[in-house]
file data_34.tsv (TSV, C-alpha atoms)
chain	number	residue	atom	x	y	z
A	1	MET	CA	20.68	-35.51	-8.06
A	2	LEU	CA	18.76	-38.68	-7.35
A	3	ILE	CA	16.49	-39.66	-10.19
A	4	LEU	CA	13.63	-42.07	-9.65
A	5	THR	CA	10.93	-43.47	-11.88
A	6	ARG	CA	7.49	-43.72	-10.30
A	7	ARG	CA	4.04	-44.68	-11.51
A	8	PRO	CA	0.82	-42.93	-10.58
A	9	GLY	CA	-0.11	-43.88	-7.05
A	10	GLU	CA	3.48	-44.62	-6.06
A	11	ARG	CA	5.36	-42.54	-3.55
A	12	VAL	CA	8.73	-41.17	-2.59
A	13	VAL	CA	9.65	-40.76	1.05
A	14	ILE	CA	12.04	-37.99	2.07
A	15	GLY	CA	13.40	-38.49	5.55
A	16	ASP	CA	10.85	-40.07	7.85
A	17	GLU	CA	8.22	-37.42	7.48
A	18	ILE	CA	7.85	-36.15	3.95
A	19	LEU	CA	5.79	-38.19	1.55
A	20	VAL	CA	5.46	-37.29	-2.12
A	21	THR	CA	2.76	-39.13	-4.06
A	22	VAL	CA	2.42	-39.14	-7.83
A	23	MET	CA	-1.30	-38.53	-8.08
A	24	GLY	CA	-1.52	-38.72	-11.82
A	25	VAL	CA	0.08	-37.97	-15.15
A	26	SER	CA	-1.69	-36.27	-18.00
A	27	GLY	CA	0.27	-35.27	-21.06
A	28	HIS	CA	3.07	-33.00	-19.88
A	29	THR	CA	1.51	-32.48	-16.48
A	30	VAL	CA	2.26	-34.43	-13.33
A	31	ARG	CA	0.10	-34.02	-10.25
A	32	LEU	CA	1.93	-34.46	-6.99
A	33	GLY	CA	0.54	-34.84	-3.52
A	34	ILE	CA	2.90	-33.80	-0.76
A	35	ALA	CA	2.47	-34.66	2.89
A	36	ALA	CA	4.91	-32.93	5.21
A	37	PRO	CA	4.97	-32.09	8.91
A	38	GLU	CA	3.00	-29.04	9.90
A	39	GLY	CA	5.12	-25.97	9.46
A	40	VAL	CA	7.27	-27.16	6.58
A	41	PRO	CA	6.62	-24.57	3.89
A	42	ILE	CA	6.03	-25.97	0.41
A	43	TYR	CA	6.24	-23.68	-2.61
A	44	ARG	CA	6.13	-23.95	-6.35
A	45	GLU	CA	9.69	-23.25	-7.38
A	46	GLU	CA	8.94	-20.19	-9.48
A	47	ILE	CA	7.19	-18.28	-6.71
A	48	TRP	CA	9.82	-19.34	-4.18
A	49	LEU	CA	12.56	-18.04	-6.48
A	50	ALA	CA	10.72	-14.81	-7.18
A	51	VAL	CA	10.11	-14.03	-3.50
A	52	LYS	CA	13.65	-15.00	-2.61
A	53	GLU	CA	14.92	-12.57	-5.21
A	54	GLU	CA	12.69	-9.76	-3.90
A	55	ASN	CA	13.90	-10.43	-0.37
A	56	ARG	CA	17.51	-10.46	-1.49
A	57	ALA	CA	17.09	-7.22	-3.43
A	58	ALA	CA	15.33	-5.56	-0.49
A	59	ALA	CA	18.11	-6.62	1.86
A	60	GLU	CA	20.67	-4.79	-0.28
A	61	ALA	CA	19.31	-1.40	0.71
A	62	GLY	CA	21.82	0.84	2.42
A	63	ALA	CA	21.12	2.82	5.56
A	64	ASN	CA	20.51	6.02	3.60
A	65	SER	CA	18.50	4.58	0.76
A	66	LEU	CA	15.13	5.42	2.27
A	67	PRO	CA	13.46	8.81	2.31
A	68	SER	CA	14.33	10.73	5.43
A	69	THR	CA	11.46	13.16	5.21
A	70	PRO	CA	7.77	12.39	4.94
A	71	ILE	CA	6.79	11.80	1.36
A	72	GLN	CA	3.87	13.43	-0.31
A	73	GLY	CA	1.44	10.93	-1.67
A	74	ALA	CA	2.36	8.42	1.00
A	75	ASP	CA	-0.09	10.24	3.21
A	76	ALA	CA	-2.88	10.12	0.70
A	77	GLN	CA	-5.05	8.14	3.07
A	78	GLY	CA	-4.93	10.61	5.88
A	79	ASN	CA	-2.22	9.08	7.97
A	80	ASP	CA	-0.57	11.12	10.64
A	81	GLY	CA	2.43	13.17	9.77
A	82	PRO	CA	3.20	16.48	8.24
A	83	ALA	CA	1.06	17.06	5.18
A	84	GLU	CA	3.61	19.13	3.36
A	85	GLU	CA	7.14	20.18	3.45
A	86	SER	CA	7.88	23.78	4.17
B	87	MET	CA	14.68	-5.78	29.54
B	88	PRO	CA	16.01	-4.09	26.43
B	89	VAL	CA	17.71	-6.18	23.79
B	90	LYS	CA	20.81	-4.79	22.15
B	91	PHE	CA	22.10	-5.87	18.79
B	92	GLU	CA	24.63	-4.70	16.28
B	93	SER	CA	23.77	-3.31	12.88
B	94	VAL	CA	26.21	-2.63	10.07
B	95	ARG	CA	23.83	0.12	9.01
B	96	PHE	CA	22.95	1.74	12.30
B	97	GLY	CA	25.55	0.73	14.88
B	98	THR	CA	24.25	-0.58	18.19
B	99	VAL	CA	20.47	-0.78	18.27
B	100	GLU	CA	18.41	-1.24	21.38
B	101	VAL	CA	14.80	-2.40	21.41
B	102	PRO	CA	12.44	-3.44	24.20
B	103	ASP	CA	12.47	-7.18	24.74
B	104	GLU	CA	8.83	-7.52	23.72
B	105	GLU	CA	9.54	-5.99	20.33
B	106	VAL	CA	11.79	-8.85	19.27
B	107	LEU	CA	9.83	-10.97	16.83
B	108	GLU	CA	10.36	-14.66	16.27
B	109	PHE	CA	10.22	-15.78	12.66
B	110	PRO	CA	9.95	-19.56	13.09
B	111	PHE	CA	10.54	-20.14	9.36
B	112	GLY	CA	12.66	-17.09	8.64
B	113	LEU	CA	12.17	-15.09	5.48
B	114	ILE	CA	11.84	-16.97	2.21
B	115	GLY	CA	15.34	-17.68	0.93
B	116	LEU	CA	16.93	-15.42	3.54
B	117	GLY	CA	16.33	-17.14	6.84
B	118	GLY	CA	16.80	-15.23	10.06
B	119	LEU	CA	14.86	-16.34	13.10
B	120	ARG	CA	14.66	-13.19	15.20
B	121	TYR	CA	13.95	-9.72	13.92
B	122	ALA	CA	12.86	-6.34	15.22
B	123	ILE	CA	11.02	-3.55	13.43
B	124	ILE	CA	12.99	-0.36	13.93
B	125	ASP	CA	12.04	3.16	12.96
B	126	LYS	CA	15.01	5.04	11.56
B	127	ASN	CA	12.94	7.22	9.24
B	128	PRO	CA	10.24	8.67	11.48
B	129	GLY	CA	7.17	9.98	9.73
B	130	THR	CA	8.00	8.45	6.37
B	131	GLY	CA	6.13	5.17	6.77
B	132	PHE	CA	9.36	3.27	6.11
B	133	PHE	CA	10.71	0.91	8.74
B	134	TRP	CA	13.51	-1.64	8.85
B	135	LEU	CA	12.93	-5.28	9.57
B	136	HIS	CA	16.29	-5.90	11.17
B	137	SER	CA	17.77	-9.22	12.17
B	138	VAL	CA	18.69	-9.34	15.84
B	139	GLU	CA	21.32	-11.98	15.11
B	140	ASP	CA	22.90	-10.88	11.84
B	141	ALA	CA	24.23	-7.33	11.84
B	142	ALA	CA	24.09	-7.17	8.04
B	143	LEU	CA	20.59	-8.53	7.52
B	144	ALA	CA	17.88	-5.88	7.28
B	145	LEU	CA	15.08	-5.09	4.86
B	146	PRO	CA	13.07	-1.91	4.42
B	147	VAL	CA	9.36	-2.51	5.00
B	148	VAL	CA	6.14	-0.52	4.95
B	149	ASP	CA	2.61	-1.08	6.14
B	150	PRO	CA	0.85	-2.05	2.91
B	151	HIS	CA	-2.41	-0.41	3.98
B	152	GLN	CA	-0.69	2.94	4.26
B	153	PHE	CA	0.56	2.91	0.68
B	154	PHE	CA	-1.93	0.71	-1.14
B	155	SER	CA	-5.52	1.61	-0.46
B	156	GLU	CA	-6.83	-1.55	-2.11
B	157	PHE	CA	-4.38	-3.94	-0.54
B	158	ALA	CA	-5.91	-7.14	0.73
B	159	LEU	CA	-4.24	-10.23	2.10
B	160	GLU	CA	-5.89	-13.53	1.41
B	161	LEU	CA	-4.11	-16.46	3.03
B	162	TYR	CA	-3.74	-19.91	1.55
B	163	ASP	CA	-5.01	-22.70	3.79
B	164	GLU	CA	-1.44	-24.00	4.19
B	165	ASP	CA	-0.26	-20.63	5.46
B	166	ARG	CA	-3.25	-20.32	7.77
B	167	GLU	CA	-2.40	-23.67	9.32
B	168	ARG	CA	1.32	-23.03	9.40
B	169	THR	CA	1.04	-19.65	11.08
B	170	GLY	CA	-2.03	-20.21	13.21
B	171	VAL	CA	-3.19	-16.76	12.09
B	172	GLU	CA	-6.92	-16.93	11.47
B	173	ASN	CA	-7.75	-13.28	11.19
B	174	VAL	CA	-5.28	-11.22	9.18
B	175	GLU	CA	-7.21	-8.07	10.02
B	176	ALA	CA	-6.11	-8.42	13.62
B	177	ALA	CA	-2.47	-8.99	12.66
B	178	LYS	CA	0.11	-6.33	11.88
B	179	LEU	CA	1.15	-6.47	8.24
B	180	PHE	CA	4.28	-5.33	6.47
B	181	VAL	CA	5.60	-5.71	2.95
B	182	THR	CA	9.24	-5.68	1.91
B	183	VAL	CA	10.48	-2.77	-0.15
B	184	ARG	CA	13.03	-2.78	-2.95
B	185	ALA	CA	14.73	0.59	-2.55
B	186	THR	CA	16.13	2.25	-5.65
B	187	PRO	CA	17.95	5.52	-6.25
B	188	ASP	CA	14.92	6.92	-8.11
B	189	PRO	CA	11.94	6.95	-5.72
B	190	LEU	CA	9.63	6.34	-8.66
B	191	ASP	CA	11.20	2.91	-9.14
B	192	VAL	CA	10.73	1.85	-5.52
B	193	THR	CA	8.49	-1.20	-5.33
B	194	ALA	CA	6.87	-3.23	-2.59
B	195	ASN	CA	6.27	-6.96	-2.67
B	196	LEU	CA	2.54	-7.41	-2.14
B	197	ARG	CA	2.74	-11.06	-3.15
B	198	ALA	CA	4.65	-12.16	-0.06
B	199	PRO	CA	3.68	-9.97	2.90
B	200	LEU	CA	4.85	-10.35	6.48
B	201	VAL	CA	2.20	-11.21	9.03
B	202	ILE	CA	2.99	-10.36	12.63
B	203	ALA	CA	0.88	-11.64	15.47
B	204	ASP	CA	1.59	-12.47	19.10
B	205	GLY	CA	5.28	-11.71	18.85
B	206	LYS	CA	5.78	-13.95	15.85
B	207	GLY	CA	6.31	-13.13	12.23
B	208	TYR	CA	5.72	-15.09	9.06
B	209	GLN	CA	6.29	-14.39	5.42
B	210	VAL	CA	3.24	-15.75	3.63
B	211	LEU	CA	1.99	-15.86	0.08
B	212	ASN	CA	-0.90	-13.62	-0.86
B	213	LYS	CA	-3.64	-15.47	-2.70
B	214	SER	CA	-5.25	-12.19	-3.74
B	215	GLU	CA	-5.07	-11.68	-7.50
B	216	ASN	CA	-4.08	-8.05	-7.23
B	217	ALA	CA	-0.83	-8.64	-5.37
B	218	PRO	CA	2.21	-8.09	-7.58
B	219	LEU	CA	5.75	-8.92	-6.54
B	220	GLN	CA	6.77	-5.41	-7.52
B	221	ALA	CA	4.08	-2.83	-6.89
B	222	PRO	CA	5.28	0.74	-7.47
B	223	LEU	CA	5.06	2.44	-4.12
B	224	PHE	CA	4.33	5.95	-5.21
B	225	GLU	CA	2.16	5.44	-8.26
B	226	LEU	CA	-0.40	3.52	-6.26
B	227	ALA	CA	-0.34	6.06	-3.46
B	228	SER	CA	-2.00	8.49	-5.84
B	229	GLN	CA	-4.94	6.08	-5.91
B	230	THR	CA	-5.04	5.65	-9.65
B	231	PRO	CA	-3.41	2.24	-9.77
B	232	ALA	CA	-4.02	1.00	-13.29
B	233	THR	CA	-3.17	4.07	-15.28
B	234	ALA	CA	-1.09	6.03	-12.80
B	235	SER	CA	1.59	8.17	-14.29
B	236	ALA	CA	4.55	9.57	-12.44
B	237	GLU	CA	3.22	13.08	-12.65
B	238	PRO	CA	1.33	13.39	-9.36
B	239	VAL	CA	4.40	12.36	-7.41
B	240	ARG	CA	6.68	14.64	-9.33
B	241	ALA	CA	4.26	17.50	-8.94
B	242	ALA	CA	4.16	16.92	-5.22
B	243	ASP	CA	7.93	16.80	-5.03
B	244	ALA	CA	8.24	20.06	-6.83
B	245	ALA	CA	5.64	21.87	-4.73
call {"tool": "encode", "arguments": {"input": "data_34.tsv", "output": "C-alpha cells"}}
result
Amino acid sequence: MLILTRRPGERVVIGDEILVTVMGVSGHTVRLGIAAPEGVPIYREEIWLAVKEENRAAAEAGANSLPSTPIQGADAQGNDGPAEES
Amino acid sequence: MPVKFESVRFGTVEVPDEEVLEFPFGLIGLGGLRYAIIDKNPGTGFFWLHSVEDAALALPVVDPHQFFSEFALELYDEDRERTGVENVEAAKLFVTVRATPDPLDVTANLRAPLVIADGKGYQVLNKSENAPLQAPLFELASQTPATASAEPVRAADAA
C-alpha cells in the first residue's frame, strides 16, 4: 500500500482523472473531497462492504430455494394471484 | 430476436432481446454487465436477476412495493447523476433477496435497490432512513413492521 502524508488543501491524484483533496482535519476526523469522472461510483467502505456481502449472500441461492407457490401475506396489498391455497 | 444463455440453475434460458438489461456498473462487489429478469416462480412475486454472461451468477429479487407497503427510494445526488434516473416512480424497482431455508428468515436489501429504466439497471443506495440491509420479507408483509411477530405468517401457512 502506498502511504502519503498530505496537509489540508493538498491533493492526491489517482490516474489522470481522480482527484482526492484533504479538505480539513479535525481531531480524529478527516474530510476528503473526491472528484472522479461521472459514473465512477464512490462509497464509504462500510456500506460498500455491507452491500457486497448482501449481494454475495443473495447470489448463493439455489434454484429451489424460493417458494414455488404463492405465499400468503405477500399478497397483502391486493396484488394479483391466488389469494389462498386450496 | 431472442437471446439464449446458459444457467447452472435453470439450464438454457431464452429471453426476448429487449428484456436484456445493461448494468453499466454491474452489481456492487459482484459485477456483471448484462442481466435479465426471469420468472421461474410464477405468482410468488420472486424473480431471478440472472446474468446473461455468467451461468452461475443469479440473485433472487422482488418488487419492494409488493412486499413493503412503506418502501420508498430516495436517491443520492451522485446516484441521480450517475444513472440519469430523475424520477424513481417511473422506473421499475427490485431489491435483492437473501434466501434462507426458513422463510421467516428471508430478508430483502432495501438499502441498495436496483433501479431499472430504459433497458438499463443500476444498483443504488437508498437515502431513505427506513431502508435496512436486511428487512424481513414476511414480517413486513403483515403491515405491522415495528412489532411484527412471526405469528401472522405461521397462521397463514397453517390455514
call {"tool": "closest_residue", "arguments": {"input": "data_34.tsv", "among": "B:Ala203, B:Val101, B:Ala221, B:Val174", "to": "chain A", "atoms": "all atoms listed in the file"}}
result
B:Ala221
call {"tool": "interface_residues", "arguments": {"input": "data_34.tsv", "of": "chain B", "to": "chain A", "cutoff": "6 Å", "atoms": "all atoms listed in the file", "output": "list of chain:residue names"}}
result
B:Arg95, B:Ile114, B:Gly115, B:Asn127, B:Gly129, B:Thr130, B:Ala144, B:Leu145, B:Phe153, B:Arg168, B:Val183, B:Arg184, B:Ala185, B:Ala227, B:Ser228
call {"tool": "atom_distance", "arguments": {"input": "data_34.tsv", "atom1": "CA of Ser214 (chain B)", "atom2": "CA of Leu196 (chain B)"}}
result
9.3 Å
call {"tool": "atom_distance", "arguments": {"input": "data_34.tsv", "atom1": "CA of Glu160 (chain B)", "atom2": "CA of Gly207 (chain B)"}}
result
16.3 Å
call {"tool": "atom_distance", "arguments": {"input": "data_34.tsv", "atom1": "CA of Gly24 (chain A)", "atom2": "CA of Lys213 (chain B)"}}
result
25.1 Å
call {"tool": "residues_around", "arguments": {"input": "data_34.tsv", "residues": "Arg31 (chain A)", "least_positions_apart": "4", "cutoff": "12 Å", "atoms": "all atoms listed in the file", "output": "MDAnalysis selection string"}}
result
chainID A and resid 7:10 20:27
call {"tool": "closest_residue", "arguments": {"input": "data_34.tsv", "among": "A:Glu46, A:Arg11, A:Asp16, A:Ile3", "to": "Ile34 (chain A)", "atoms": "all atoms listed in the file"}}
result
A:Arg11
call {"tool": "closest_residue", "arguments": {"input": "data_34.tsv", "among": "B:Leu161, B:Lys206, B:Ser93, B:Val181", "to": "Asp149 (chain B)", "atoms": "all atoms listed in the file"}}
result
B:Val181
call {"tool": "residues_near_point", "arguments": {"input": "data_34.tsv", "point": "(1.2, -13.7, 18.2)", "cutoff": "10 Å", "atoms": "only C-alpha atoms", "output": "PyMOL selection string"}}
result
chain B and resi 107-108+169-171+177-178+201-207
call {"tool": "write_last_selection", "arguments": {"input": "data_34.tsv", "atoms": "C-alpha atoms", "output": "compact mmCIF listing (two decimals), in the coordinates of the input"}}
result
# COMPACT_ATOMS: atom_id res chain seq x y z
CA LEU B 107 9.83 -10.97 16.83
CA GLU B 108 10.36 -14.66 16.27
CA THR B 169 1.04 -19.65 11.08
CA GLY B 170 -2.03 -20.21 13.21
CA VAL B 171 -3.19 -16.76 12.09
CA ALA B 177 -2.47 -8.99 12.66
CA LYS B 178 0.11 -6.33 11.88
CA VAL B 201 2.20 -11.21 9.03
CA ILE B 202 2.99 -10.36 12.63
CA ALA B 203 0.88 -11.64 15.47
CA ASP B 204 1.59 -12.47 19.10
CA GLY B 205 5.28 -11.71 18.85
CA LYS B 206 5.78 -13.95 15.85
CA GLY B 207 6.31 -13.13 12.23
call {"tool": "residues_around", "arguments": {"input": "data_34.tsv", "residues": "region 119-122 of chain B", "least_positions_apart": "3", "cutoff": "7 Å", "atoms": "only C-alpha atoms", "output": "number ranges by chain"}}
result
B: 105-112, 135-139
call {"tool": "write_last_selection", "arguments": {"input": "data_34.tsv", "atoms": "C-alpha atoms", "output": "CSV table (one decimal), in the frame of the given file"}}
result
chain,number,residue,atom,x,y,z
B,105,GLU,CA,9.5,-6.0,20.3
B,106,VAL,CA,11.8,-8.8,19.3
B,107,LEU,CA,9.8,-11.0,16.8
B,108,GLU,CA,10.4,-14.7,16.3
B,109,PHE,CA,10.2,-15.8,12.7
B,110,PRO,CA,10.0,-19.6,13.1
B,111,PHE,CA,10.5,-20.1,9.4
B,112,GLY,CA,12.7,-17.1,8.6
B,135,LEU,CA,12.9,-5.3,9.6
B,136,HIS,CA,16.3,-5.9,11.2
B,137,SER,CA,17.8,-9.2,12.2
B,138,VAL,CA,18.7,-9.3,15.8
B,139,GLU,CA,21.3,-12.0,15.1
call {"tool": "closest_residue", "arguments": {"input": "data_34.tsv", "among": "B:Asp188, B:Asp163, B:Glu172, B:Asp125", "to": "Leu211 (chain B)", "atoms": "all atoms listed in the file"}}
result
B:Asp163
call {"tool": "closest_residue", "arguments": {"input": "data_34.tsv", "among": "B:Phe157, B:Tyr208, B:Phe91, B:Tyr162", "to": "Asn195 (chain B)", "atoms": "all atoms listed in the file"}}
result
B:Phe157
call {"tool": "closest_residue", "arguments": {"input": "data_34.tsv", "among": "B:Pro199, B:Gly131, B:Gly118, B:Pro146", "to": "Leu219 (chain B)", "atoms": "only C-alpha atoms"}}
result
B:Pro199
call {"tool": "decode", "arguments": {"input": "data_34.tsv", "residues": "region 152-196 of chain B", "atoms": "C-alpha atoms", "output": "mmCIF file, in the first residue's frame"}}
result
data_model
loop_
_atom_site.group_PDB
_atom_site.id
_atom_site.type_symbol
_atom_site.label_atom_id
_atom_site.label_comp_id
_atom_site.auth_asym_id
_atom_site.auth_seq_id
_atom_site.Cartn_x
_atom_site.Cartn_y
_atom_site.Cartn_z
ATOM 1 C CA GLN B 152 -45.215 -5.617 -3.352
ATOM 2 C CA PHE B 153 -43.729 -6.727 -0.042
ATOM 3 C CA PHE B 154 -43.078 -3.472 1.800
ATOM 4 C CA SER B 155 -46.015 -1.126 1.802
ATOM 5 C CA GLU B 156 -43.954 1.759 3.159
ATOM 6 C CA PHE B 157 -40.971 1.290 0.915
ATOM 7 C CA ALA B 158 -39.602 4.485 -0.551
ATOM 8 C CA LEU B 159 -36.480 5.057 -2.591
ATOM 9 C CA GLU B 160 -34.703 8.331 -2.135
ATOM 10 C CA LEU B 161 -31.703 8.731 -4.408
ATOM 11 C CA TYR B 162 -28.465 10.454 -3.510
ATOM 12 C CA ASP B 163 -27.471 13.222 -5.901
ATOM 13 C CA GLU B 164 -24.452 11.169 -7.015
ATOM 14 C CA ASP B 165 -26.677 8.247 -7.958
ATOM 15 C CA ARG B 166 -29.129 10.522 -9.724
ATOM 16 C CA GLU B 167 -26.311 11.918 -11.842
ATOM 17 C CA ARG B 168 -24.670 8.563 -12.389
ATOM 18 C CA THR B 169 -27.833 6.817 -13.509
ATOM 19 C CA GLY B 170 -29.612 9.676 -15.214
ATOM 20 C CA VAL B 171 -32.775 8.495 -13.451
ATOM 21 C CA GLU B 172 -34.690 11.548 -12.307
ATOM 22 C CA ASN B 173 -37.983 10.006 -11.390
ATOM 23 C CA VAL B 174 -37.752 6.726 -9.499
ATOM 24 C CA GLU B 175 -41.534 6.406 -9.584
ATOM 25 C CA ALA B 176 -41.347 5.861 -13.316
ATOM 26 C CA ALA B 177 -38.585 3.264 -13.010
ATOM 27 C CA LYS B 178 -39.009 -0.416 -12.256
ATOM 28 C CA LEU B 179 -37.555 -1.294 -8.865
ATOM 29 C CA PHE B 180 -36.264 -4.540 -7.439
ATOM 30 C CA VAL B 181 -34.473 -5.486 -4.249
ATOM 31 C CA THR B 182 -32.168 -8.450 -3.777
ATOM 32 C CA VAL B 183 -33.302 -11.262 -1.529
ATOM 33 C CA ARG B 184 -31.248 -13.386 0.823
ATOM 34 C CA ALA B 185 -32.983 -16.761 0.653
ATOM 35 C CA THR B 186 -32.840 -18.975 3.720
ATOM 36 C CA PRO B 187 -34.233 -22.420 4.498
ATOM 37 C CA ASP B 188 -36.709 -20.907 6.974
ATOM 38 C CA PRO B 189 -38.959 -18.462 5.083
ATOM 39 C CA LEU B 190 -39.226 -16.355 8.221
ATOM 40 C CA ASP B 191 -35.521 -15.566 7.963
ATOM 41 C CA VAL B 192 -35.700 -14.419 4.349
ATOM 42 C CA THR B 193 -34.649 -10.800 4.055
ATOM 43 C CA ALA B 194 -34.555 -8.191 1.332
ATOM 44 C CA ASN B 195 -31.949 -5.467 0.966
ATOM 45 C CA LEU B 196 -33.880 -2.201 0.949
#
